[in-house]
Amino acid sequence: MRRGIKTLLIILAASMRLSPAACLADSPIETLRRAHEGLQRFVMDNGMVGLVKEDHSAPVVAIHIWVGSGSIHEQEWLGAGLSHFVEHMIFKGTPTRSPGDISREISDAGGDLNAYTGFDRTVFHVKLPSQNWTKGLDVLADAVMNASFPEKEWAREREVILREFAMHRDNPNREIGRLLWETAFRAHPYRVPVIGYEDVFKSSTRDDLVSFFRKHYTPDNMIVAVVGDIRADEVRTRLQETFAGFARRPRAPVVLPTEPLQMSPRGERQTGPYEVTRLRLAWPTVPLNHPDAPALDVLAAITGNGRSSRLTAELVEKRALAFDVSAWSFTPLEAGLFGIGATCDPAREEDLLKALEEEIAGWAERPFPAEELAKARRQVLVGELASLEDIAGQASGYASGEFYAADPRFGERYLEQVERVDEAALQDVARRYLAPERRTLVVLAPQTTGVTDRVIEPAAPGAEARKLELSNGIPLIVREDHRLPFVYICAALRGGLLSEEAANNGITPLMAELLTRGTESKSAEQIAQTVETMGGSLSSFSGWNSFGLQARGLSEDAETFLALVAECLLRPVFDPGEVEKQRSLQLAAIRQQAEQPTYKAQVSLQELLFPGHPYRLPSLGTAASVEKIRREDLVAHLEKQRVAGNLAVAVFGDIKAEEARRLVEAAFGAVPAGEAPPVPATAATPELPARVQAREPRQQAILLVGFPGVDVRDPRSDSLAVVREMLSGLSSDLGLEVRDRRGLAYFVGAFEREGLQPGFFSLYAGAREDSVEQVQQLMEAQVERLGREGPRPDEFRRAVEQLVAGHQMSLQDNSGLAQMCALNELYGLGYRHAFTAEERWRALTEDQVREAAASLLTPERQAVSIVLPEQANSSGEEK
């Protein structure tokens with residue numbers, strides 16, 4: 001569909017919680033019909049469409065307003081990026097709200113406010129606690145109806161967007177996306193980046209912006225969707241009252257040019273300071289309402305979705321020609337594209353292109369096996385059921401269905417079409433659309449390479465979570481949640497970066513990834529095929545303090561998934577061929593990280609803060625250290641940490657606790673006994689204050705101001721979380737001063753990393769080189785104020801509410817929650833630590849927060865890391 005099957009299913013989102021029996025007994029289409037019951041759709045007198053759905057699974061509400069105005073509708077202003085500029089300005093004030101009031105009121109209500117612009121739409125959305133939904137609606141409605149575009153705010157935001165242009169040029173994935181669209185389209189406005197062109201943007205005026213807003217932001221061009229813990233009739237009445245005075249205005253239709261038929265292949269190549277080669281291939285296809293759209297989506301799923309997909313299995317897993325490869329189908333309201341993306345070593349570019357051509361030709365010549373088609377359909381069903389969990393996805397899905405198909409329940413119809421796709425249809429669309437003469441190929445490469453052409457009562461989050469113990473002492477955390485027929489599994493072990501040293505840096509992520517790459521009884525291909533045939537997922541994770549495996553599947557497959565997770569952990573073979581393959585992929589990821597100035601700045605900051613300590617090391621390792629890791633090193637590293645005293649297992653979802661115990665006991669009973677390896681005895685002792693500065697061939701400056709932090713058990717941890725919230729977001733004093741009032745940075749905020757050893761706290765900003773010093777001064781002033789005076793009462797309350805609201809939303813995610821509970825149990829915090837977070841935050845005082853800032857964020861403990869753009873020489877060239 002618009003983004004291919006993987007994101008097609010956002011459109012199918014629904015909110016009714018269904019019994020597991022109903023989900024499994026009904027057909028997928030009937031499941032959708034049952035789930036969509038209760039959705040209200042109505043058209044207001046001014047033409048605005050309202051969509052309302054109750055979902056009482058969590059005390060939160062999502063409100064989305066979709067405007068049928070994107071970059072393709074800019075007409076005489078095409079290339080100025082006015083749709084994107086309006087998105088930036090919409091929250092900058094109305095006749096009744098000053099700049100900063102909109103984001104501040106939402107933050108005070110514990111909400112999260114954001115927006116995005118696409119080719120054909122601009123979307124404004126808010127998530128907040130359900131008791132404050134009226135505040136969210138009133139603020140969001142005022143902004144989209146009555147934006148006032150203050151002159152000073154226009155000038156400041158103009159500077160912010162100019163920084164965004166530089167950020168886009170520094171992002172290889174954005175650059176190759178721009179290159180693809182401007183090459184594949186010659187007449188249609190899809191060829192123009194959503195942000196526009198910098199020179200055209202600079203020539204636009206505030207009057208242009210206001211004129212564009214007045215022309216397109218009319219009620220008959222908008223959809224409002226409200227989903228969550230509300231009463232639908234009450235919301236419907238409030239919507240009609242809120243928008244009653246929002247009158248229609250004359251609005252001529254935007255007539256878009258038809259893209260001429262592509263008669264011959266096209267190609268463009270761009271080189272730059274990149275570490276890997278990126279390829280994008282695309283072919284013109286059809287709009288969403290075309291009968292071939294479902295077959296193109298299924299073709300994308302079969303060929304490029306998942307490890308067992310054709311392209312990944314052949315080009316990544318078997319032949320190691322690419323680091324990653326995927327396929328997608330973009331079928332919006334206008335004719336779209338079928339695309340393939342890949343990343344490879346520069347030396348393999350020619351071989352990869354040849355292999356891709358052979359694969360694509362084979363799709364039209366050889367039938368697709370029935371089992372591949374069945375797998376794609378299973379992925380559709382599982383993806384749809386997964387979308388039922390999150391209210392923001394539901395609101396977006398209903399609005400998307402209305403926007404693209406004039407039917408918020410479009411998923412039902414589309415799934416019927418998907419089920420009618422057969423093997424012959426797949427061959428047919430491959431033959432007709434993926435013709436060599438209609439191909440567009442774009443390449444982004446390093447400069448050194450050559451050129452080649454159901455409703456239920458809400459669960460009390462955490463109340464039913466239980467800790468059991470296996471016979472070998474392994475803790476098992478179980479949380480029953482029967483809203484959807486899924487189980488979520490996490491097996492977590494202490495280790496991670498903290499268990500490494502410079503010589504073997506990167507061994508943990510390599511080892512973790514190899515756990516799913518072959519066991520004594522299953523090859524990597526068989527594991528991937530098993531998981532994806534069941535429509536599930538299996539992945540590894542590794543971090544500063546831990547590693548492990550996570551899985552998700554239908555509850556009817558719980559035994560199979562638990563057995564598979566245990567087999568991967570207990571009986572991996574570390575096949576030499578797979579070791580080399582994954583080593584190559586990790587080395588490619590290391591090179592790709594090096595392209596990001598933010599990564600460079602953080603590595604330098606960690607080296608200042610953690611001399612001689614594992615936390616100074618890059619999470620993926622260095623090229624030199626990863627090259628030296630041997631198979632026997634991987635085996636020894638796992639055996640040292642894979643003991644009962646170092647493992648916790650969590651099983652959440654549609655499963656009874658005793659059944660979970662039985663299955664986990666059978667699967668993990670063979671884990672050998674043993675105590676967890678000791679954590680390094682001493683924390684880092686940096687010499688501070690300190691500063692480091694470097695230059696990179698990028699167009700933006702990155703500033704990090706960091707401080708030694710706390711470990712996960714430190715009582716100041718909760719206070720630091722509040723400090724982080726107060727220094728982050730559009731409504732923070734720092735954000736308002738640096739970004740809104742002065743326009744010095746495109747992004748600014750704070751983050752923290754905690755560990756079993758003390759981690760660090762850092763402020764960050766992306767800015768112009770000439771503003772870095774001023775931004776640092778403003779950061780230091782805010783930190784100094786918090787340590788000296790403490791937070792203001794409104795500032796403190798807003799930060800706590802934001803933390804609580806974000807936490808409540810996270811409780812919808814059983815996968816993340818299972819991992820969090822397992823890790824908290826491993827770290828000695830107890831599995832219920834996450835469930836007591838709201839209580840702990842609300843018990844904090846302003847003075848506790850001040851004391852934490854005063855004791856930790858001081859000038860003498862400060863480390864500064866700066867990455868600046870490469871300077872130009874006298875001839876204007878970069879040096």
# chains A, B, ... in the order shown; residues from 1 in each chain; ligands from 1
call {"tool": "residues_around", "arguments": {"residues": "Ala512 of chain A", "least_positions_apart": "2", "cutoff": "9 Å", "atoms": "only C-alpha atoms", "output": "number ranges by chain"}}
result
A: 507-510, 514-516, 539-542, 547-549, 569, 638
call {"tool": "residues_around", "arguments": {"residues": "Trp133 of chain A", "least_positions_apart": "4", "cutoff": "9 Å", "atoms": "only C-alpha atoms", "output": "list of chain:residue names"}}
result
A:Val60, A:Val61, A:Ala62, A:Ile63, A:Ala109, A:Lys127, A:Leu128, A:Pro129, A:Leu137, A:Asp138, A:Ile230
call {"tool": "select_by_dssp", "arguments": {"residues": "segment 533-662 of chain A", "states": "strand (DSSP E or B)", "output": "MDAnalysis selection string"}}
result
chainID A and resid 537:542 546:554 572 647:653
call {"tool": "write_last_selection", "arguments": {"atoms": "N, CA, C and O atoms", "output": "PDB file, in the first residue's frame"}}
result
ATOM      1  N   SER A 537       8.396 -12.868  15.819  1.00  0.00           N
ATOM      2  CA  SER A 537       9.690 -12.193  15.753  1.00  0.00           C
ATOM      3  C   SER A 537      10.607 -12.787  16.807  1.00  0.00           C
ATOM      4  O   SER A 537      10.169 -13.234  17.864  1.00  0.00           O
ATOM      5  N   LEU A 538      11.893 -12.792  16.490  1.00  0.00           N
ATOM      6  CA  LEU A 538      12.933 -13.262  17.409  1.00  0.00           C
ATOM      7  C   LEU A 538      14.150 -12.395  17.164  1.00  0.00           C
ATOM      8  O   LEU A 538      14.611 -12.274  16.026  1.00  0.00           O
ATOM      9  N   SER A 539      14.656 -11.771  18.194  1.00  0.00           N
ATOM     10  CA  SER A 539      15.797 -10.884  18.021  1.00  0.00           C
ATOM     11  C   SER A 539      16.654 -10.886  19.277  1.00  0.00           C
ATOM     12  O   SER A 539      16.215 -11.273  20.357  1.00  0.00           O
ATOM     13  N   SER A 540      17.879 -10.437  19.101  1.00  0.00           N
ATOM     14  CA  SER A 540      18.797 -10.309  20.226  1.00  0.00           C
ATOM     15  C   SER A 540      18.889  -8.851  20.626  1.00  0.00           C
ATOM     16  O   SER A 540      18.503  -7.955  19.887  1.00  0.00           O
ATOM     17  N   PHE A 541      19.416  -8.599  21.818  1.00  0.00           N
ATOM     18  CA  PHE A 541      19.729  -7.247  22.256  1.00  0.00           C
ATOM     19  C   PHE A 541      20.994  -7.273  23.080  1.00  0.00           C
ATOM     20  O   PHE A 541      21.365  -8.296  23.666  1.00  0.00           O
ATOM     21  N   SER A 542      21.689  -6.158  23.102  1.00  0.00           N
ATOM     22  CA  SER A 542      22.854  -6.014  23.967  1.00  0.00           C
ATOM     23  C   SER A 542      23.022  -4.544  24.272  1.00  0.00           C
ATOM     24  O   SER A 542      22.664  -3.685  23.458  1.00  0.00           O
ATOM     25  N   SER A 546      23.897  -5.614  29.798  1.00  0.00           N
ATOM     26  CA  SER A 546      23.141  -6.845  29.616  1.00  0.00           C
ATOM     27  C   SER A 546      23.110  -7.257  28.151  1.00  0.00           C
ATOM     28  O   SER A 546      23.515  -6.508  27.262  1.00  0.00           O
ATOM     29  N   PHE A 547      22.613  -8.455  27.935  1.00  0.00           N
ATOM     30  CA  PHE A 547      22.307  -8.945  26.594  1.00  0.00           C
ATOM     31  C   PHE A 547      21.216  -9.988  26.743  1.00  0.00           C
ATOM     32  O   PHE A 547      20.878 -10.413  27.858  1.00  0.00           O
ATOM     33  N   GLY A 548      20.667 -10.410  25.628  1.00  0.00           N
ATOM     34  CA  GLY A 548      19.643 -11.443  25.716  1.00  0.00           C
ATOM     35  C   GLY A 548      18.865 -11.595  24.445  1.00  0.00           C
ATOM     36  O   GLY A 548      19.251 -11.113  23.378  1.00  0.00           O
ATOM     37  N   LEU A 549      17.724 -12.288  24.568  1.00  0.00           N
ATOM     38  CA  LEU A 549      16.857 -12.584  23.437  1.00  0.00           C
ATOM     39  C   LEU A 549      15.424 -12.164  23.760  1.00  0.00           C
ATOM     40  O   LEU A 549      14.982 -12.270  24.909  1.00  0.00           O
ATOM     41  N   GLN A 550      14.716 -11.715  22.736  1.00  0.00           N
ATOM     42  CA  GLN A 550      13.304 -11.376  22.859  1.00  0.00           C
ATOM     43  C   GLN A 550      12.538 -12.050  21.733  1.00  0.00           C
ATOM     44  O   GLN A 550      13.049 -12.207  20.622  1.00  0.00           O
ATOM     45  N   ALA A 551      11.298 -12.432  22.022  1.00  0.00           N
ATOM     46  CA  ALA A 551      10.458 -13.052  21.004  1.00  0.00           C
ATOM     47  C   ALA A 551       9.014 -12.640  21.217  1.00  0.00           C
ATOM     48  O   ALA A 551       8.595 -12.317  22.340  1.00  0.00           O
ATOM     49  N   ARG A 552       8.269 -12.643  20.132  1.00  0.00           N
ATOM     50  CA  ARG A 552       6.828 -12.414  20.188  1.00  0.00           C
ATOM     51  C   ARG A 552       6.152 -13.339  19.204  1.00  0.00           C
ATOM     52  O   ARG A 552       6.646 -13.537  18.085  1.00  0.00           O
ATOM     53  N   GLY A 553       5.038 -13.939  19.628  1.00  0.00           N
ATOM     54  CA  GLY A 553       4.281 -14.804  18.738  1.00  0.00           C
ATOM     55  C   GLY A 553       2.866 -14.948  19.228  1.00  0.00           C
ATOM     56  O   GLY A 553       2.498 -14.460  20.307  1.00  0.00           O
ATOM     57  N   LEU A 554       2.060 -15.617  18.445  1.00  0.00           N
ATOM     58  CA  LEU A 554       0.704 -15.916  18.885  1.00  0.00           C
ATOM     59  C   LEU A 554       0.752 -16.867  20.076  1.00  0.00           C
ATOM     60  O   LEU A 554       1.648 -17.716  20.184  1.00  0.00           O
ATOM     61  N   PRO A 572      23.734 -22.705  20.809  1.00  0.00           N
ATOM     62  CA  PRO A 572      24.192 -22.069  19.569  1.00  0.00           C
ATOM     63  C   PRO A 572      25.479 -22.735  19.097  1.00  0.00           C
ATOM     64  O   PRO A 572      26.269 -23.219  19.902  1.00  0.00           O
ATOM     65  N   LEU A 647      20.693 -15.069  35.001  1.00  0.00           N
ATOM     66  CA  LEU A 647      19.634 -15.088  33.990  1.00  0.00           C
ATOM     67  C   LEU A 647      18.282 -14.822  34.633  1.00  0.00           C
ATOM     68  O   LEU A 647      17.993 -15.289  35.740  1.00  0.00           O
ATOM     69  N   ALA A 648      17.454 -14.061  33.945  1.00  0.00           N
ATOM     70  CA  ALA A 648      16.053 -13.875  34.322  1.00  0.00           C
ATOM     71  C   ALA A 648      15.214 -14.033  33.072  1.00  0.00           C
ATOM     72  O   ALA A 648      15.603 -13.610  31.980  1.00  0.00           O
ATOM     73  N   VAL A 649      14.043 -14.648  33.214  1.00  0.00           N
ATOM     74  CA  VAL A 649      13.133 -14.874  32.095  1.00  0.00           C
ATOM     75  C   VAL A 649      11.799 -14.210  32.414  1.00  0.00           C
ATOM     76  O   VAL A 649      11.292 -14.294  33.538  1.00  0.00           O
ATOM     77  N   ALA A 650      11.234 -13.529  31.423  1.00  0.00           N
ATOM     78  CA  ALA A 650       9.910 -12.920  31.566  1.00  0.00           C
ATOM     79  C   ALA A 650       9.020 -13.427  30.447  1.00  0.00           C
ATOM     80  O   ALA A 650       9.442 -13.499  29.287  1.00  0.00           O
ATOM     81  N   VAL A 651       7.796 -13.791  30.795  1.00  0.00           N
ATOM     82  CA  VAL A 651       6.786 -14.207  29.821  1.00  0.00           C
ATOM     83  C   VAL A 651       5.523 -13.418  30.106  1.00  0.00           C
ATOM     84  O   VAL A 651       4.905 -13.579  31.160  1.00  0.00           O
ATOM     85  N   PHE A 652       5.145 -12.547  29.204  1.00  0.00           N
ATOM     86  CA  PHE A 652       3.975 -11.697  29.372  1.00  0.00           C
ATOM     87  C   PHE A 652       2.965 -12.022  28.281  1.00  0.00           C
ATOM     88  O   PHE A 652       3.310 -12.490  27.196  1.00  0.00           O
ATOM     89  N   GLY A 653       1.695 -11.723  28.557  1.00  0.00           N
ATOM     90  CA  GLY A 653       0.685 -11.824  27.522  1.00  0.00           C
ATOM     91  C   GLY A 653      -0.377 -12.864  27.796  1.00  0.00           C
ATOM     92  O   GLY A 653      -0.733 -13.139  28.954  1.00  0.00           O
TER      93      GLY A 653
END
call {"tool": "residues_around", "arguments": {"residues": "Trp841 of chain A", "least_positions_apart": "3", "cutoff": "12 Å", "atoms": "only C-alpha atoms", "output": "VMD selection string"}}
result
chain A and resid 715 to 723 725 796 to 805 807 834 to 838 844 to 846 848 to 849
call {"tool": "closest_residue", "arguments": {"among": "A:Leu288, A:Ala374, A:Leu434, A:Met48", "to": "Gln262 of chain A", "atoms": "only C-alpha atoms"}}
result
A:Leu434
call {"tool": "closest_residue", "arguments": {"among": "A:Gln602, A:Asn646, A:Thr682, A:Ser771", "to": "Gln757 of chain A", "atoms": "only C-alpha atoms"}}
result
A:Thr682
call {"tool": "closest_residue", "arguments": {"among": "A:Gly749, A:Pro189, A:Gly47, A:Pro677", "to": "Leu730 of chain A", "atoms": "only C-alpha atoms"}}
result
A:Gly749
call {"tool": "residues_around", "arguments": {"residues": "Arg158 of chain A", "least_positions_apart": "4", "cutoff": "9 Å", "atoms": "only C-alpha atoms", "output": "VMD selection string"}}
result
chain A and resid 85 153 to 154 162 to 163 201 to 202 743
call {"tool": "select_by_dssp", "arguments": {"residues": "segment 557-741 of chain A", "states": "helix (DSSP H, G or I)", "output": "ChimeraX atom specification"}}
result
/A:557-570,576-593,597-609,614-616,623-628,631-641,644-646,657-668,717-726,733-741
call {"tool": "closest_residue", "arguments": {"among": "A:Ala143, A:Val783, A:Met820, A:Gly766", "to": "Val160 of chain A", "atoms": "only C-alpha atoms"}}
result
A:Gly766
call {"tool": "closest_residue", "arguments": {"among": "A:Ala395, A:Val316, A:Leu51, A:Val144", "to": "Val235 of chain A", "atoms": "only C-alpha atoms"}}
result
A:Leu51
call {"tool": "closest_residue", "arguments": {"among": "A:Arg753, A:Pro260, A:Arg850, A:Ser855", "to": "Gly790 of chain A", "atoms": "only C-alpha atoms"}}
result
A:Arg850
call {"tool": "residues_around", "arguments": {"residues": "Met167 of chain A", "least_positions_apart": "4", "cutoff": "12 Å", "atoms": "only C-alpha atoms", "output": "CSV table (one decimal) with N, CA, C and O atoms, in the first residue's frame"}}
result
chain,number,residue,atom,x,y,z
A,160,VAL,N,15.9,27.9,12.5
A,160,VAL,CA,15.8,26.5,12.9
A,160,VAL,C,15.7,25.5,11.7
A,160,VAL,O,16.4,24.5,11.6
A,161,ILE,N,14.9,25.9,10.7
A,161,ILE,CA,14.7,25.0,9.5
A,161,ILE,C,16.0,25.1,8.7
A,161,ILE,O,16.4,24.1,8.0
A,162,LEU,N,16.7,26.2,8.6
A,162,LEU,CA,18.0,26.2,7.9
A,162,LEU,C,18.9,25.2,8.5
A,162,LEU,O,19.7,24.6,7.8
A,163,ARG,N,18.9,25.1,9.8
A,163,ARG,CA,19.7,24.1,10.5
A,163,ARG,C,19.3,22.7,10.1
A,163,ARG,O,20.1,21.7,9.9
A,171,ASN,N,22.7,13.3,6.9
A,171,ASN,CA,22.0,12.0,7.1
A,171,ASN,C,22.0,11.3,5.7
A,171,ASN,O,21.3,11.6,4.8
A,172,PRO,N,22.8,10.2,5.6
A,172,PRO,CA,22.9,9.5,4.3
A,172,PRO,C,21.6,8.9,3.9
A,172,PRO,O,21.3,8.9,2.7
A,173,ASN,N,20.8,8.5,4.8
A,173,ASN,CA,19.5,7.9,4.4
A,173,ASN,C,18.6,8.9,3.8
A,173,ASN,O,17.8,8.7,2.8
A,174,ARG,N,18.6,10.1,4.4
A,174,ARG,CA,17.8,11.2,3.8
A,174,ARG,C,18.3,11.6,2.4
A,174,ARG,O,17.6,11.9,1.5
A,175,GLU,N,19.6,11.7,2.3
A,175,GLU,CA,20.2,12.1,1.1
A,175,GLU,C,19.9,11.1,-0.1
A,175,GLU,O,19.6,11.6,-1.2
A,195,ILE,N,10.9,19.2,2.7
A,195,ILE,CA,11.5,20.4,3.4
A,195,ILE,C,11.7,21.5,2.3
A,195,ILE,O,11.8,22.6,2.7
A,596,GLN,N,27.9,9.6,11.6
A,596,GLN,CA,27.0,10.5,12.3
A,596,GLN,C,27.9,11.4,13.3
A,596,GLN,O,28.6,10.9,14.2
A,597,PRO,N,27.8,12.7,13.2
A,597,PRO,CA,28.5,13.6,14.1
A,597,PRO,C,28.1,13.4,15.5
A,597,PRO,O,28.9,13.6,16.5
A,598,THR,N,26.8,13.1,15.8
A,598,THR,CA,26.4,12.9,17.1
A,598,THR,C,27.1,11.7,17.8
A,598,THR,O,27.4,11.7,19.0
A,698,ARG,N,31.0,17.4,7.9
A,698,ARG,CA,29.5,17.5,8.1
A,698,ARG,C,29.1,18.9,8.0
A,698,ARG,O,30.0,19.8,8.0
A,699,GLN,N,27.8,19.2,8.1
A,699,GLN,CA,27.4,20.6,8.0
A,699,GLN,C,26.8,21.2,9.2
A,699,GLN,O,26.3,22.3,9.3
A,700,GLN,N,26.7,20.4,10.3
A,700,GLN,CA,26.2,20.9,11.6
A,700,GLN,C,27.2,20.7,12.7
A,700,GLN,O,28.1,19.8,12.6
A,701,ALA,N,27.1,21.5,13.7
A,701,ALA,CA,27.9,21.3,14.9
A,701,ALA,C,27.1,20.6,16.0
A,701,ALA,O,25.9,20.8,16.1
A,702,ILE,N,27.8,19.7,16.7
A,702,ILE,CA,27.1,19.0,17.8
A,702,ILE,C,27.8,19.3,19.1
A,702,ILE,O,29.1,19.3,19.1
A,745,ALA,N,19.7,26.7,17.8
A,745,ALA,CA,19.9,25.2,17.5
A,745,ALA,C,18.6,24.6,17.0
A,745,ALA,O,17.5,25.1,17.2
A,746,TYR,N,18.8,23.6,16.2
A,746,TYR,CA,17.6,22.8,15.7
A,746,TYR,C,17.1,21.9,16.7
A,746,TYR,O,15.9,21.7,16.9
A,747,PHE,N,18.0,21.3,17.5
A,747,PHE,CA,17.5,20.4,18.6
A,747,PHE,C,18.3,20.6,19.8
A,747,PHE,O,19.5,21.0,19.7
A,765,ALA,N,23.0,19.4,21.9
A,765,ALA,CA,22.4,20.4,20.9
A,765,ALA,C,23.0,20.2,19.6
A,765,ALA,O,24.2,19.8,19.4
A,766,GLY,N,22.2,20.4,18.5
A,766,GLY,CA,22.7,20.5,17.1
A,766,GLY,C,22.6,22.0,16.7
A,766,GLY,O,21.4,22.5,16.7
A,767,ALA,N,23.7,22.6,16.4
A,767,ALA,CA,23.6,24.1,16.2
A,767,ALA,C,24.6,24.5,15.1
A,767,ALA,O,25.3,23.7,14.5
A,768,ARG,N,24.6,25.8,14.8
A,768,ARG,CA,25.6,26.4,13.9
A,768,ARG,C,26.9,26.5,14.7
A,768,ARG,O,26.9,26.6,15.9
A,869,PRO,N,31.8,21.4,11.9
A,869,PRO,CA,31.9,21.1,10.5
A,869,PRO,C,33.3,21.4,10.1
A,869,PRO,O,34.1,22.2,10.6
call {"tool": "atom_distance", "arguments": {"atom1": "atom CA of Gly535 of chain A", "atom2": "atom CA of Leu315 of chain A"}}
result
22.0 Å
call {"tool": "atom_distance", "arguments": {"atom1": "atom CA of Leu261 of chain A", "atom2": "atom CA of Pro332 of chain A"}}
result
17.7 Å
call {"tool": "atom_distance", "arguments": {"atom1": "atom CA of Ala690 of chain A", "atom2": "atom CA of Ala863 of chain A"}}
result
4.8 Å
call {"tool": "residues_around", "arguments": {"residues": "Arg97 of chain A", "least_positions_apart": "3", "cutoff": "10 Å", "atoms": "only C-alpha atoms", "output": "list in words"}}
result
Phe91, Lys92, Gly93, Thr94, Gly100, Asp101, Ile102, Glu105, Val139, Asp142, Ala143, Asn146, Ala147 and Ser148 of chain A
call {"tool": "residues_around", "arguments": {"residues": "Val210 of chain A", "least_positions_apart": "3", "cutoff": "9 Å", "atoms": "only C-alpha atoms", "output": "VMD selection string"}}
result
chain A and resid 86 148 to 149 205 to 207 213 to 215
call {"tool": "decode", "arguments": {"residues": "segment 566-591 of chain A", "atoms": "C-alpha atoms", "output": "compact mmCIF listing (two decimals), in the first residue's frame"}}
result
# COMPACT_ATOMS: atom_id res chain seq x y z
CA ALA A 566 16.04 -21.57 24.95
CA GLU A 567 17.67 -23.53 22.14
CA CYS A 568 19.28 -20.38 20.75
CA LEU A 569 20.65 -19.47 24.17
CA LEU A 570 21.74 -22.94 25.27
CA ARG A 571 22.86 -24.63 22.05
CA PRO A 572 24.19 -22.07 19.57
CA VAL A 573 26.89 -23.42 17.28
CA PHE A 574 28.64 -20.20 16.24
CA ASP A 575 29.07 -21.56 12.75
CA PRO A 576 32.30 -20.13 11.30
CA GLY A 577 30.55 -18.96 8.16
CA GLU A 578 27.91 -17.16 10.21
CA VAL A 579 30.59 -15.65 12.45
CA GLU A 580 32.28 -14.12 9.44
CA LYS A 581 28.99 -12.96 7.99
CA GLN A 582 27.91 -11.25 11.21
CA ARG A 583 31.38 -9.83 11.75
CA SER A 584 31.09 -8.21 8.33
CA LEU A 585 27.69 -6.75 9.17
CA GLN A 586 28.91 -5.40 12.51
CA LEU A 587 31.92 -3.81 10.85
CA ALA A 588 29.58 -2.17 8.36
CA ALA A 589 27.43 -0.86 11.22
CA ILE A 590 30.55 0.55 12.88
CA ARG A 591 31.42 2.37 9.68
